[in-house]
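Colleague: What follows is my_file-v5.cif, made up of mmCIF, C-alpha atoms and all ligand atoms:
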```cif
data_start
#
loop_
_atom_site.label_atom_id
_atom_site.label_comp_id
_atom_site.auth_asym_id
_atom_site.auth_seq_id
_atom_site.Cartn_x
_atom_site.Cartn_y
_atom_site.Cartn_z
CA MET A 22 8.19 -24.10 5.76
CA ARG A 23 9.01 -20.44 5.40
CA ILE A 24 12.29 -19.68 3.66
CA ILE A 25 12.87 -15.92 3.87
CA ASN A 26 12.57 -14.19 7.23
CA PRO A 27 9.13 -12.46 7.15
CA LYS A 28 10.65 -9.24 8.47
CA TYR A 29 12.06 -8.76 4.95
CA PHE A 30 8.75 -9.10 3.13
CA ASN A 31 8.59 -5.33 2.90
CA LEU A 32 11.79 -3.42 2.16
CA LEU A 33 10.25 -0.12 1.14
CA ASN A 34 11.33 1.47 4.43
CA GLU A 35 14.90 0.48 3.63
CA LYS A 36 14.97 2.27 0.29
CA GLU A 37 16.57 5.41 1.70
CA THR A 38 19.30 3.44 3.50
CA PHE A 39 19.92 1.37 0.35
CA PHE A 40 20.59 4.51 -1.69
CA MET A 41 22.54 6.28 1.05
CA ASN A 42 25.02 3.46 1.58
CA LYS A 43 28.44 4.00 0.00
CA PRO A 44 30.22 3.51 -2.35
CA PHE A 45 27.15 2.28 -4.27
CA PRO A 46 23.63 1.44 -3.11
CA HIS A 47 23.50 -1.67 -0.95
CA LEU A 48 21.73 -3.16 2.03
CA VAL A 49 22.72 -5.73 4.63
CA LEU A 50 19.97 -8.12 5.72
CA ASP A 51 20.89 -10.12 8.82
CA ASP A 52 19.07 -13.37 9.71
CA PHE A 53 17.92 -13.42 6.13
CA LEU A 54 16.58 -16.96 6.00
CA GLU A 55 13.98 -18.06 8.48
CA GLU A 56 15.87 -19.56 11.43
CA ASN A 57 14.59 -23.15 11.23
CA PHE A 58 15.16 -23.31 7.50
CA TYR A 59 18.69 -21.93 7.85
CA GLU A 60 19.55 -24.50 10.53
CA GLU A 61 18.12 -27.30 8.42
CA ILE A 62 20.07 -26.43 5.27
CA THR A 63 23.38 -25.78 7.02
CA LYS A 64 23.05 -29.15 8.79
CA LYS A 65 22.52 -30.83 5.42
CA MET A 66 25.45 -28.95 3.93
CA SER A 67 27.79 -30.15 6.66
CA GLU A 68 26.79 -33.79 6.11
CA LYS A 69 28.36 -33.81 2.67
CA LYS A 70 31.87 -32.52 2.92
CA TYR A 71 32.04 -31.21 -0.60
CA ILE A 72 28.83 -30.46 -2.36
CA LEU A 73 30.68 -29.23 -5.44
CA LYS A 74 31.97 -32.17 -7.41
CA LYS A 75 32.28 -30.85 -10.93
CA GLY A 76 31.87 -27.07 -11.03
CA LYS A 77 34.66 -24.77 -12.09
CA SER A 78 37.77 -23.93 -10.06
CA PHE A 79 39.87 -20.79 -10.05
CA ASN A 80 43.35 -20.42 -8.69
CA SER A 81 45.19 -17.31 -9.72
CA GLU A 82 46.51 -14.37 -7.72
CA ILE A 83 43.25 -12.55 -8.31
CA GLU A 84 40.82 -15.44 -7.91
CA SER A 85 42.41 -17.77 -5.45
CA ASN A 86 41.05 -21.07 -4.14
CA LYS A 87 37.55 -20.44 -5.44
CA LYS A 88 35.08 -22.93 -6.81
CA ILE A 89 31.71 -22.22 -8.39
CA SER A 90 28.76 -24.42 -9.28
CA LEU A 91 28.84 -23.71 -13.03
CA ASN A 92 26.80 -26.28 -14.99
CA GLU A 93 26.46 -28.48 -11.96
CA SER A 94 23.05 -29.42 -10.64
CA LEU A 95 22.53 -27.73 -7.30
CA PRO A 96 21.46 -29.74 -4.26
CA GLU A 97 17.73 -29.53 -3.64
CA TYR A 98 18.08 -27.39 -0.51
CA ILE A 99 20.15 -24.78 -2.38
CA SER A 100 17.73 -24.79 -5.31
CA LYS A 101 14.89 -24.11 -2.91
CA ILE A 102 16.53 -20.81 -1.98
CA THR A 103 17.38 -19.79 -5.56
CA LYS A 104 13.80 -20.55 -6.54
CA VAL A 105 12.46 -18.19 -3.88
CA LEU A 106 15.02 -15.52 -4.79
CA ASN A 107 13.87 -15.72 -8.42
CA SER A 108 10.16 -15.74 -7.57
CA ASN A 109 7.80 -12.95 -8.59
CA GLU A 110 6.97 -12.25 -4.94
CA TRP A 111 10.59 -11.59 -4.01
CA ILE A 112 11.23 -9.59 -7.20
CA GLU A 113 8.28 -7.33 -6.31
CA ILE A 114 9.94 -6.69 -2.93
CA LEU A 115 13.23 -5.82 -4.67
CA LYS A 116 11.43 -3.53 -7.12
CA LYS A 117 10.12 -1.50 -4.19
CA LEU A 118 13.54 -1.40 -2.57
CA THR A 119 15.41 -0.28 -5.69
CA GLY A 120 12.78 1.56 -7.67
CA ILE A 121 13.75 -0.56 -10.71
CA THR A 122 10.26 -1.30 -11.97
CA SER A 123 11.50 -3.39 -14.89
CA LEU A 124 13.46 -5.76 -12.63
CA LYS A 125 13.40 -9.42 -13.60
CA SER A 126 15.10 -12.71 -12.93
CA THR A 127 17.07 -14.67 -15.49
CA ASN A 128 16.20 -17.98 -17.11
CA VAL A 129 19.86 -18.90 -17.40
CA GLY A 130 19.89 -20.58 -13.98
CA ASN A 131 22.96 -22.41 -12.83
CA THR A 132 24.37 -23.04 -16.31
CA LEU A 133 26.11 -20.04 -17.80
CA LEU A 134 25.96 -18.36 -14.41
CA ALA A 135 26.80 -20.04 -11.11
CA ASN A 136 24.60 -19.67 -8.06
CA TYR A 137 26.74 -21.39 -5.47
CA HIS A 138 30.33 -20.44 -4.57
CA GLU A 139 32.89 -21.90 -2.19
CA MET A 140 36.21 -20.47 -1.11
CA GLY A 141 38.92 -22.42 0.70
CA THR A 142 42.05 -21.63 2.74
CA ASN A 143 43.74 -18.35 1.79
CA GLY A 144 40.99 -17.72 -0.74
CA PHE A 145 40.72 -14.27 -2.22
CA LEU A 146 38.71 -12.51 -4.90
CA GLY A 147 40.10 -9.28 -6.29
CA SER A 148 38.22 -6.11 -7.13
CA HIS A 149 35.91 -6.65 -10.10
CA VAL A 150 32.59 -5.94 -11.74
CA ASP A 151 30.53 -8.90 -12.93
CA HIS A 152 29.26 -9.56 -16.45
CA SER A 153 27.01 -6.70 -17.53
CA THR A 154 24.30 -8.61 -19.38
CA ASP A 155 22.04 -11.62 -19.18
CA PRO A 156 23.86 -14.21 -21.35
CA SER A 157 20.56 -15.31 -22.88
CA ASN A 158 19.02 -12.00 -23.94
CA GLY A 159 21.54 -9.16 -23.39
CA LEU A 160 19.45 -7.32 -20.79
CA PRO A 161 21.44 -5.20 -18.29
CA HIS A 162 22.59 -6.81 -15.05
CA VAL A 163 21.44 -4.44 -12.32
CA LEU A 164 21.28 -6.13 -8.94
CA ASN A 165 22.98 -8.88 -6.91
CA ILE A 166 22.17 -10.71 -3.74
CA ILE A 167 24.84 -12.66 -1.89
CA LEU A 168 23.92 -14.89 1.02
CA TYR A 169 26.52 -16.10 3.51
CA LEU A 170 25.97 -19.76 4.34
CA SER A 171 28.84 -20.91 6.57
CA SER A 172 28.04 -21.24 10.26
CA ASP A 173 30.88 -21.25 12.85
CA TRP A 174 32.68 -18.53 10.93
CA LYS A 175 35.02 -16.44 13.07
CA GLU A 176 35.71 -12.78 12.47
CA ASN A 177 39.47 -13.35 12.17
CA PHE A 178 38.90 -15.69 9.21
CA GLY A 179 38.26 -12.61 7.06
CA GLY A 180 36.04 -13.21 4.04
CA ALA A 181 34.15 -9.91 4.13
CA THR A 182 32.59 -8.62 0.93
CA LEU A 183 34.59 -5.56 -0.05
CA LEU A 184 33.01 -2.67 -1.89
CA TYR A 185 35.38 -0.43 -3.81
CA ASP A 186 35.33 3.10 -5.19
CA LYS A 187 34.11 3.69 -8.76
CA LYS A 188 37.55 2.85 -10.17
CA GLY A 189 37.82 -0.40 -8.24
CA LYS A 190 41.00 0.68 -6.46
CA LYS A 191 40.14 1.76 -2.93
CA ILE A 192 38.08 -0.22 -0.41
CA VAL A 193 35.24 1.98 0.82
CA SER A 194 33.03 -0.49 2.66
CA LYS A 195 33.53 -3.90 4.20
CA ILE A 196 30.58 -6.20 4.87
CA LYS A 197 31.74 -8.79 7.35
CA TYR A 198 31.04 -12.45 6.79
CA LYS A 199 28.41 -13.58 9.28
CA LYS A 200 26.18 -16.62 9.02
CA ASN A 201 22.79 -16.08 7.42
CA ARG A 202 23.60 -12.52 6.37
CA ALA A 203 22.49 -11.35 2.93
CA VAL A 204 23.88 -8.40 1.00
CA VAL A 205 21.86 -6.80 -1.77
CA PHE A 206 23.73 -4.38 -4.01
CA LEU A 207 23.10 -2.36 -7.13
CA HIS A 208 25.22 -3.81 -9.92
CA THR A 209 26.38 -1.03 -12.22
CA PRO A 210 29.55 -0.74 -14.38
CA TYR A 211 31.05 1.03 -11.34
CA SER A 212 30.05 -1.46 -8.61
CA PHE A 213 33.51 -2.93 -7.99
CA HIS A 214 33.47 -5.61 -5.32
CA GLY A 215 35.56 -8.52 -4.08
CA VAL A 216 36.27 -10.84 -1.17
CA GLU A 217 38.74 -10.10 1.64
CA ARG A 218 41.52 -12.70 1.86
CA LEU A 219 40.68 -15.68 4.06
CA LYS A 220 43.10 -16.69 6.78
CA ASN A 221 43.23 -19.44 9.41
CA ASN A 222 39.91 -20.82 8.23
CA LYS A 223 41.54 -24.25 7.74
CA SER A 224 39.00 -26.70 6.34
CA LEU A 225 36.03 -24.40 6.87
CA LYS A 226 34.84 -23.11 3.52
CA ARG A 227 33.35 -19.71 2.86
CA LYS A 228 30.08 -20.71 1.28
CA THR A 229 27.85 -18.24 -0.50
CA LEU A 230 24.78 -18.25 -2.64
CA TYR A 231 24.62 -15.68 -5.39
CA VAL A 232 21.64 -14.56 -7.48
CA ASP A 233 21.63 -11.74 -9.99
CA TYR A 234 18.82 -9.67 -11.47
CA TYR A 235 18.31 -7.85 -14.74
CA SER A 236 16.34 -4.93 -16.12
CA GLU A 237 14.15 -4.77 -19.16
CA SER A 238 15.26 -1.18 -19.64
CA MET A 239 18.57 -0.52 -21.42
CA LYS A 240 18.87 2.66 -19.34
CA PRO A 241 18.21 1.09 -15.95
CA PHE A 242 19.84 3.77 -13.78
CA GLU A 243 18.85 6.92 -15.66
CA ASN A 244 16.63 8.26 -12.88
CA PHE A 245 19.12 7.50 -10.15
CA ASP A 246 21.24 10.06 -8.39
CA LEU A 247 24.50 8.17 -7.89
CA ASP A 248 28.06 9.15 -6.93
CA PHE A 249 29.22 8.03 -10.39
CA PRO A 250 27.82 8.19 -13.93
CA ASN A 251 24.39 6.60 -14.12
CA LYS A 252 24.87 5.34 -17.67
CA TRP A 253 24.95 1.58 -18.08
CA PHE A 254 27.34 0.10 -20.66
CA LYS A 255 28.24 -3.35 -21.82
CA HIS A 256 31.32 -5.12 -20.38
CA GLY A 257 32.53 -8.54 -19.38
CA THR A 258 33.62 -9.56 -15.89
CA THR A 259 36.45 -7.09 -15.34
CA PHE A 260 39.11 -7.15 -12.64
CA VAL A 261 41.23 -4.28 -11.38
CA LEU A 262 44.63 -5.69 -10.47
CA PRO A 263 46.42 -4.50 -7.31
CA LYS A 264 49.47 -3.00 -9.06
CA SER A 265 49.67 -1.44 -12.53
CA THR A 266 52.72 -3.61 -13.31
CA ASP A 267 50.48 -6.70 -12.82
CA TYR A 268 48.85 -5.97 -16.19
CA LEU A 269 52.16 -6.55 -17.93
CA LYS A 270 52.51 -10.12 -16.66
CA PHE A 271 51.80 -12.73 -19.31
CA LYS A 272 49.70 -14.85 -16.93
CA ASN A 273 47.39 -11.87 -16.38
CA TRP A 274 46.72 -11.30 -20.08
CA SER A 275 43.05 -12.32 -19.92
CA TYR A 276 42.46 -9.83 -17.08
CA THR A 277 44.33 -7.10 -18.98
CA LYS A 278 42.31 -7.80 -22.12
CA SER A 279 38.99 -7.51 -20.23
CA LEU A 280 40.08 -4.23 -18.69
CA ILE A 281 41.07 -2.78 -22.07
CA LYS A 282 37.64 -3.71 -23.47
CA TYR A 283 35.97 -2.21 -20.39
CA LYS A 284 37.91 1.05 -20.77
CA ILE A 285 36.91 1.31 -24.44
CA GLU A 286 33.22 0.79 -23.64
CA HIS A 287 33.53 3.23 -20.74
CA LEU A 288 34.90 5.91 -23.07
CA LYS A 289 32.19 5.21 -25.62
CA SER A 290 29.51 5.59 -22.93
CA LYS A 291 30.72 9.14 -22.30
CA LEU A 292 30.31 10.25 -25.93
FE FE B 1 31.14 -10.54 -8.44
#
```
Any chance you could put this one into structure tokens?
Modeller:
Amino acid sequence: MRIINPKYFNLLNEKETFFMNKPFPHLVLDDFLEENFYEEITKKMSEKKYILKKGKSFNSEIESNKKISLNESLPEYISKITKVLNSNEWIEILKKLTGITSLKSTNVGNTLLANYHEMGTNGFLGSHVDHSTDPSNGLPHVLNIILYLSSDWKENFGGATLLYDKKGKKIVSKIKYKKNRAVVFLHTPYSFHGVERLKNNKSLKRKTLYVDYYSESMKPFENFDLDFPNKWFKHGTTFVLPKSTDYLKFKNWSYTKSLIKYKIEHLKSKL
């Protein structure tokens, strides 16, 4: 059975749109999975109420009601998708879309990184950039794909992917949550993103599949004309908190610490 919709087997024609989209290059791919496959997997997902049994949970102001599949074996039907998204064929398609010729998948899999995410009632994910390197070999993290997997989602439930300005403060673009929609975006030190607060979604979870890609070049964006510096630098997952006074709260210390480290690396990258 086909997994990815064949209309996305060639994304070269989308390259211009990808780079034109603001605040950083991204592309929305609706009906991403082949229809029959999507219906089959979502039916299976609804049979088991909670597919995440172990995983890792988050519940802070900045990461609220979120659970990820860290170190948990993924159900077969989810693994089928991650396998395709990490295949050479799909990576070749992404190379043409992004122009990153040294693009590659990671061997880390669903251990140090988590491919499957769920968000419950009132869930929220603040503005952040992800980890900057492959945990196994230090190569730069350059691209993400997020696939929306909850059917019956209503627009008033929220849950859009939010793309922020280069400082992570102002929302510039909002990619609504819609079943079987995929979002591909360039992951740079300035690609701040998050999830719009969920409301009224009751027991319906916002399910997403996430796969990231890396570059064999340590200067992955040097030929790109971007609205922000094209120099990659090393950083951890870094959140921008809503108010500056939030950094002074004791409970937010780990977020504050990451931001301080990020700022130092940012300054060093300018030297
Ligand atoms: Fe993220």
Colleague: Find the residue from A:Tyr211, A:Phe245, A:Phe271, A:Phe206 that sits nearest to A:His287; use all atoms listed in the file when measuring.
Modeller: A:Tyr211
Colleague: Could you name the residues that touch A:Leu54 at 9 Å or less, counting all atoms listed in the file, but leaving out those on the same chain fewer than 3 positions away, as a list in words?
Modeller: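 Returned residues: Arg23, Ile24, Ile25, Asn26, Pro27, Asp51, Asn57, Phe58, Tyr59, Ile102, Asn201, Arg202 and Ala203 of chain A.
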Colleague: Taking C-alpha atoms for each residue, export the selection above as a short mmCIF file (atom, residue, chain, number, x, y, z; two decimals), in the frame of the given file.
Modeller:
```
data_model
loop_
_atom_site.label_atom_id
_atom_site.label_comp_id
_atom_site.auth_asym_id
_atom_site.auth_seq_id
_atom_site.Cartn_x
_atom_site.Cartn_y
_atom_site.Cartn_z
CA ARG A 23 9.01 -20.44 5.40
CA ILE A 24 12.29 -19.68 3.66
CA ILE A 25 12.87 -15.92 3.87
CA ASN A 26 12.57 -14.19 7.23
CA PRO A 27 9.13 -12.46 7.15
CA ASP A 51 20.89 -10.12 8.82
CA ASN A 57 14.59 -23.15 11.23
CA PHE A 58 15.16 -23.31 7.50
CA TYR A 59 18.69 -21.93 7.85
CA ILE A 102 16.53 -20.81 -1.98
CA ASN A 201 22.79 -16.08 7.42
CA ARG A 202 23.60 -12.52 6.37
CA ALA A 203 22.49 -11.35 2.93
#
```
Colleague: Report as a list in words which protein, DNA and RNA residues come within 7 Å of ligand FE 1 (chain B), using only C-alpha atoms and all ligand atoms.
Modeller: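 Residues satisfying the distance criterion: His149, Val150, Asp151, His214 and Gly215 of chain A.
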Colleague: Export C-alpha atoms of the chosen residues as a short mmCIF file (atom, residue, chain, number, x, y, z; two decimals), in the frame of the given file?
Modeller:
```cif
data_model
loop_
_atom_site.label_atom_id
_atom_site.label_comp_id
_atom_site.auth_asym_id
_atom_site.auth_seq_id
_atom_site.Cartn_x
_atom_site.Cartn_y
_atom_site.Cartn_z
CA HIS A 149 35.91 -6.65 -10.10
CA VAL A 150 32.59 -5.94 -11.74
CA ASP A 151 30.53 -8.90 -12.93
CA HIS A 214 33.47 -5.61 -5.32
CA GLY A 215 35.56 -8.52 -4.08
#
```
Colleague: List the spatial neighbours of A:Ile281 as a list in words - criterion: any atom at most 12 Å away, all atoms listed in the file, same-chain residues fewer than 5 positions off excluded.
Modeller: His256, Gly257, Thr258, Thr259, Phe260, Val261, Tyr268, Trp274, Ser275, Tyr276, Glu286, His287 and Leu288 of chain A
Colleague: Could you produce a table of the residues of stretch 78-174 of chain A lying within 6 Å of stretch 225-228 of chain A, with the nearest pair of atoms per residue and their separation in Å rounded to one decimal, using all atoms listed in the file, ordered by chain and increasing residue number, as JSON lines?
Modeller:
```
{"residue": "A:His138", "atom": "CA", "partner": "A:Lys228", "partner_atom": "CA", "distance": 5.9}
{"residue": "A:Glu139", "atom": "CA", "partner": "A:Lys228", "partner_atom": "CA", "distance": 4.6}
{"residue": "A:Met140", "atom": "CA", "partner": "A:Arg227", "partner_atom": "CA", "distance": 5.0}
{"residue": "A:Gly141", "atom": "CA", "partner": "A:Lys226", "partner_atom": "CA", "distance": 5.0}
{"residue": "A:Leu170", "atom": "CA", "partner": "A:Lys228", "partner_atom": "CA", "distance": 5.2}
{"residue": "A:Ser171", "atom": "CA", "partner": "A:Lys228", "partner_atom": "CA", "distance": 5.4}
```
Colleague: Just want the 12 Å neighbourhood of A:Phe30, counted on only C-alpha atoms, with same-chain residues fewer than 2 positions away dropped. Output as a PyMOL selection string.
Modeller: chain A and resi 23-28+32-35+50+53-55+106+110-118
Colleague: Using only C-alpha atoms, what residues lie at most 12 Å away from (25.0, -29.2, 4.5) (file coordinates), given as a list in words?
Modeller: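 The distance filter leaves exactly Phe58, Tyr59, Glu60, Glu61, Ile62, Thr63, Lys64, Lys65, Met66, Ser67, Glu68, Lys69, Lys70, Tyr71, Ile72, Leu73, Pro96, Glu97, Tyr98, Ile99, Leu170, Ser171, Ser172, Lys226 and Lys228 of chain A.
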Colleague: Let me make sure I understand: among A:Asp267, A:Asp248, A:Asp173, A:Glu237, which one has the smallest atom-to-atom distance to A:Ser224 if we use all atoms listed in the file?
Modeller: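 Nearest to A:Ser224: A:Asp173.
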Colleague: In Å to one decimal, how far is atom CA of A:Phe178 from atom CA of A:Thr209?
Modeller: 28.8 Å
Colleague: Can you tell me, as an NGL selection string, which residues sit within 10 Å of (40.9, -12.3, -6.6) in the file's frame, using all atoms listed in the file?
Modeller: :A and (79-87 or 144-149 or 215-218 or 260-263)
Colleague: Considering all atoms listed in the file, can you say which of A:Lys36, A:Lys43, A:Lys125, A:His208 comes closest to A:Tyr235?
Modeller: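 That would be A:Lys125, the residue with the smallest distance to A:Tyr235.
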Colleague: Please produce stretch 58-69 of chain A, completed to all heavy atoms, as a PDB file, in the coordinates of the input.
Modeller:
```pdb
ATOM      1  N   PHE A  58      14.732 -22.911   8.840  1.00  0.00           N
ATOM      2  CA  PHE A  58      15.160 -23.310   7.500  1.00  0.00           C
ATOM      3  C   PHE A  58      16.675 -23.208   7.382  1.00  0.00           C
ATOM      4  O   PHE A  58      17.333 -24.102   6.853  1.00  0.00           O
ATOM      5  CB  PHE A  58      14.464 -22.438   6.441  1.00  0.00           C
ATOM      6  CG  PHE A  58      14.866 -22.798   5.040  1.00  0.00           C
ATOM      7  CD1 PHE A  58      14.358 -23.940   4.436  1.00  0.00           C
ATOM      8  CD2 PHE A  58      15.768 -22.020   4.333  1.00  0.00           C
ATOM      9  CE1 PHE A  58      14.753 -24.291   3.142  1.00  0.00           C
ATOM     10  CE2 PHE A  58      16.169 -22.366   3.046  1.00  0.00           C
ATOM     11  CZ  PHE A  58      15.654 -23.508   2.454  1.00  0.00           C
ATOM     12  N   TYR A  59      17.234 -22.112   7.909  1.00  0.00           N
ATOM     13  CA  TYR A  59      18.690 -21.930   7.850  1.00  0.00           C
ATOM     14  C   TYR A  59      19.400 -23.091   8.562  1.00  0.00           C
ATOM     15  O   TYR A  59      20.353 -23.671   8.036  1.00  0.00           O
ATOM     16  CB  TYR A  59      19.113 -20.588   8.465  1.00  0.00           C
ATOM     17  CG  TYR A  59      20.607 -20.409   8.432  1.00  0.00           C
ATOM     18  CD1 TYR A  59      21.248 -19.962   7.278  1.00  0.00           C
ATOM     19  CD2 TYR A  59      21.407 -20.748   9.535  1.00  0.00           C
ATOM     20  CE1 TYR A  59      22.629 -19.860   7.212  1.00  0.00           C
ATOM     21  CE2 TYR A  59      22.785 -20.647   9.479  1.00  0.00           C
ATOM     22  CZ  TYR A  59      23.390 -20.203   8.317  1.00  0.00           C
ATOM     23  OH  TYR A  59      24.769 -20.116   8.250  1.00  0.00           O
ATOM     24  N   GLU A  60      18.910 -23.419   9.762  1.00  0.00           N
ATOM     25  CA  GLU A  60      19.550 -24.500  10.530  1.00  0.00           C
ATOM     26  C   GLU A  60      19.462 -25.818   9.766  1.00  0.00           C
ATOM     27  O   GLU A  60      20.407 -26.588   9.729  1.00  0.00           O
ATOM     28  CB  GLU A  60      18.885 -24.646  11.920  1.00  0.00           C
ATOM     29  CG  GLU A  60      19.098 -23.453  12.854  1.00  0.00           C
ATOM     30  CD  GLU A  60      20.566 -23.057  13.065  1.00  0.00           C
ATOM     31  OE1 GLU A  60      21.439 -23.943  12.986  1.00  0.00           O
ATOM     32  OE2 GLU A  60      20.838 -21.856  13.260  1.00  0.00           O
ATOM     33  N   GLU A  61      18.314 -26.043   9.158  1.00  0.00           N
ATOM     34  CA  GLU A  61      18.120 -27.300   8.420  1.00  0.00           C
ATOM     35  C   GLU A  61      19.087 -27.400   7.236  1.00  0.00           C
ATOM     36  O   GLU A  61      19.761 -28.418   7.046  1.00  0.00           O
ATOM     37  CB  GLU A  61      16.675 -27.359   7.919  1.00  0.00           C
ATOM     38  CG  GLU A  61      16.307 -28.725   7.361  1.00  0.00           C
ATOM     39  CD  GLU A  61      14.977 -28.694   6.638  1.00  0.00           C
ATOM     40  OE1 GLU A  61      14.023 -28.110   7.187  1.00  0.00           O
ATOM     41  OE2 GLU A  61      14.907 -29.218   5.522  1.00  0.00           O
ATOM     42  N   ILE A  62      19.197 -26.333   6.461  1.00  0.00           N
ATOM     43  CA  ILE A  62      20.070 -26.430   5.270  1.00  0.00           C
ATOM     44  C   ILE A  62      21.540 -26.489   5.645  1.00  0.00           C
ATOM     45  O   ILE A  62      22.308 -27.206   5.024  1.00  0.00           O
ATOM     46  CB  ILE A  62      19.826 -25.308   4.221  1.00  0.00           C
ATOM     47  CG1 ILE A  62      20.037 -23.940   4.824  1.00  0.00           C
ATOM     48  CG2 ILE A  62      18.483 -25.410   3.556  1.00  0.00           C
ATOM     49  CD1 ILE A  62      20.525 -22.959   3.792  1.00  0.00           C
ATOM     50  N   THR A  63      21.948 -25.755   6.671  1.00  0.00           N
ATOM     51  CA  THR A  63      23.380 -25.780   7.020  1.00  0.00           C
ATOM     52  C   THR A  63      23.753 -27.148   7.603  1.00  0.00           C
ATOM     53  O   THR A  63      24.870 -27.622   7.411  1.00  0.00           O
ATOM     54  CB  THR A  63      23.786 -24.648   7.981  1.00  0.00           C
ATOM     55  OG1 THR A  63      22.838 -24.590   9.035  1.00  0.00           O
ATOM     56  CG2 THR A  63      23.840 -23.323   7.260  1.00  0.00           C
ATOM     57  N   LYS A  64      22.793 -27.797   8.273  1.00  0.00           N
ATOM     58  CA  LYS A  64      23.050 -29.150   8.790  1.00  0.00           C
ATOM     59  C   LYS A  64      23.255 -30.106   7.610  1.00  0.00           C
ATOM     60  O   LYS A  64      24.195 -30.891   7.583  1.00  0.00           O
ATOM     61  CB  LYS A  64      21.839 -29.604   9.630  1.00  0.00           C
ATOM     62  CG  LYS A  64      22.216 -30.560  10.745  1.00  0.00           C
ATOM     63  CD  LYS A  64      21.044 -30.818  11.642  1.00  0.00           C
ATOM     64  CE  LYS A  64      20.647 -32.273  11.533  1.00  0.00           C
ATOM     65  NZ  LYS A  64      19.307 -32.543  12.031  1.00  0.00           N
ATOM     66  N   LYS A  65      22.404 -29.968   6.605  1.00  0.00           N
ATOM     67  CA  LYS A  65      22.520 -30.830   5.420  1.00  0.00           C
ATOM     68  C   LYS A  65      23.836 -30.564   4.687  1.00  0.00           C
ATOM     69  O   LYS A  65      24.468 -31.486   4.199  1.00  0.00           O
ATOM     70  CB  LYS A  65      21.354 -30.587   4.463  1.00  0.00           C
ATOM     71  CG  LYS A  65      20.110 -31.322   4.898  1.00  0.00           C
ATOM     72  CD  LYS A  65      19.017 -31.136   3.899  1.00  0.00           C
ATOM     73  CE  LYS A  65      17.747 -31.795   4.383  1.00  0.00           C
ATOM     74  NZ  LYS A  65      16.558 -31.232   3.773  1.00  0.00           N
ATOM     75  N   MET A  66      24.213 -29.295   4.630  1.00  0.00           N
ATOM     76  CA  MET A  66      25.450 -28.950   3.930  1.00  0.00           C
ATOM     77  C   MET A  66      26.671 -29.525   4.616  1.00  0.00           C
ATOM     78  O   MET A  66      27.660 -29.858   3.973  1.00  0.00           O
ATOM     79  CB  MET A  66      25.590 -27.433   3.816  1.00  0.00           C
ATOM     80  CG  MET A  66      24.738 -26.854   2.724  1.00  0.00           C
ATOM     81  SD  MET A  66      24.568 -25.081   2.896  1.00  0.00           S
ATOM     82  CE  MET A  66      26.063 -24.537   2.158  1.00  0.00           C
ATOM     83  N   SER A  67      26.618 -29.629   5.947  1.00  0.00           N
ATOM     84  CA  SER A  67      27.790 -30.150   6.660  1.00  0.00           C
ATOM     85  C   SER A  67      27.873 -31.673   6.571  1.00  0.00           C
ATOM     86  O   SER A  67      28.925 -32.257   6.780  1.00  0.00           O
ATOM     87  CB  SER A  67      27.779 -29.693   8.112  1.00  0.00           C
ATOM     88  OG  SER A  67      26.636 -30.209   8.729  1.00  0.00           O
ATOM     89  N   GLU A  68      26.765 -32.325   6.243  1.00  0.00           N
ATOM     90  CA  GLU A  68      26.790 -33.790   6.110  1.00  0.00           C
ATOM     91  C   GLU A  68      27.671 -34.202   4.935  1.00  0.00           C
ATOM     92  O   GLU A  68      28.463 -35.118   5.028  1.00  0.00           O
ATOM     93  CB  GLU A  68      25.376 -34.326   5.903  1.00  0.00           C
ATOM     94  CG  GLU A  68      24.586 -34.406   7.205  1.00  0.00           C
ATOM     95  CD  GLU A  68      23.100 -34.611   6.958  1.00  0.00           C
ATOM     96  OE1 GLU A  68      22.725 -34.965   5.832  1.00  0.00           O
ATOM     97  OE2 GLU A  68      22.319 -34.399   7.908  1.00  0.00           O
ATOM     98  N   LYS A  69      27.522 -33.508   3.840  1.00  0.00           N
ATOM     99  CA  LYS A  69      28.360 -33.810   2.670  1.00  0.00           C
ATOM    100  C   LYS A  69      29.529 -32.847   2.716  1.00  0.00           C
ATOM    101  O   LYS A  69      29.330 -31.632   2.713  1.00  0.00           O
ATOM    102  CB  LYS A  69      27.559 -33.556   1.391  1.00  0.00           C
ATOM    103  CG  LYS A  69      26.606 -34.668   1.059  1.00  0.00           C
ATOM    104  CD  LYS A  69      26.003 -34.371  -0.295  1.00  0.00           C
ATOM    105  CE  LYS A  69      24.948 -35.405  -0.636  1.00  0.00           C
ATOM    106  NZ  LYS A  69      24.264 -35.056  -1.869  1.00  0.00           N
TER     107      LYS A  69
END
```
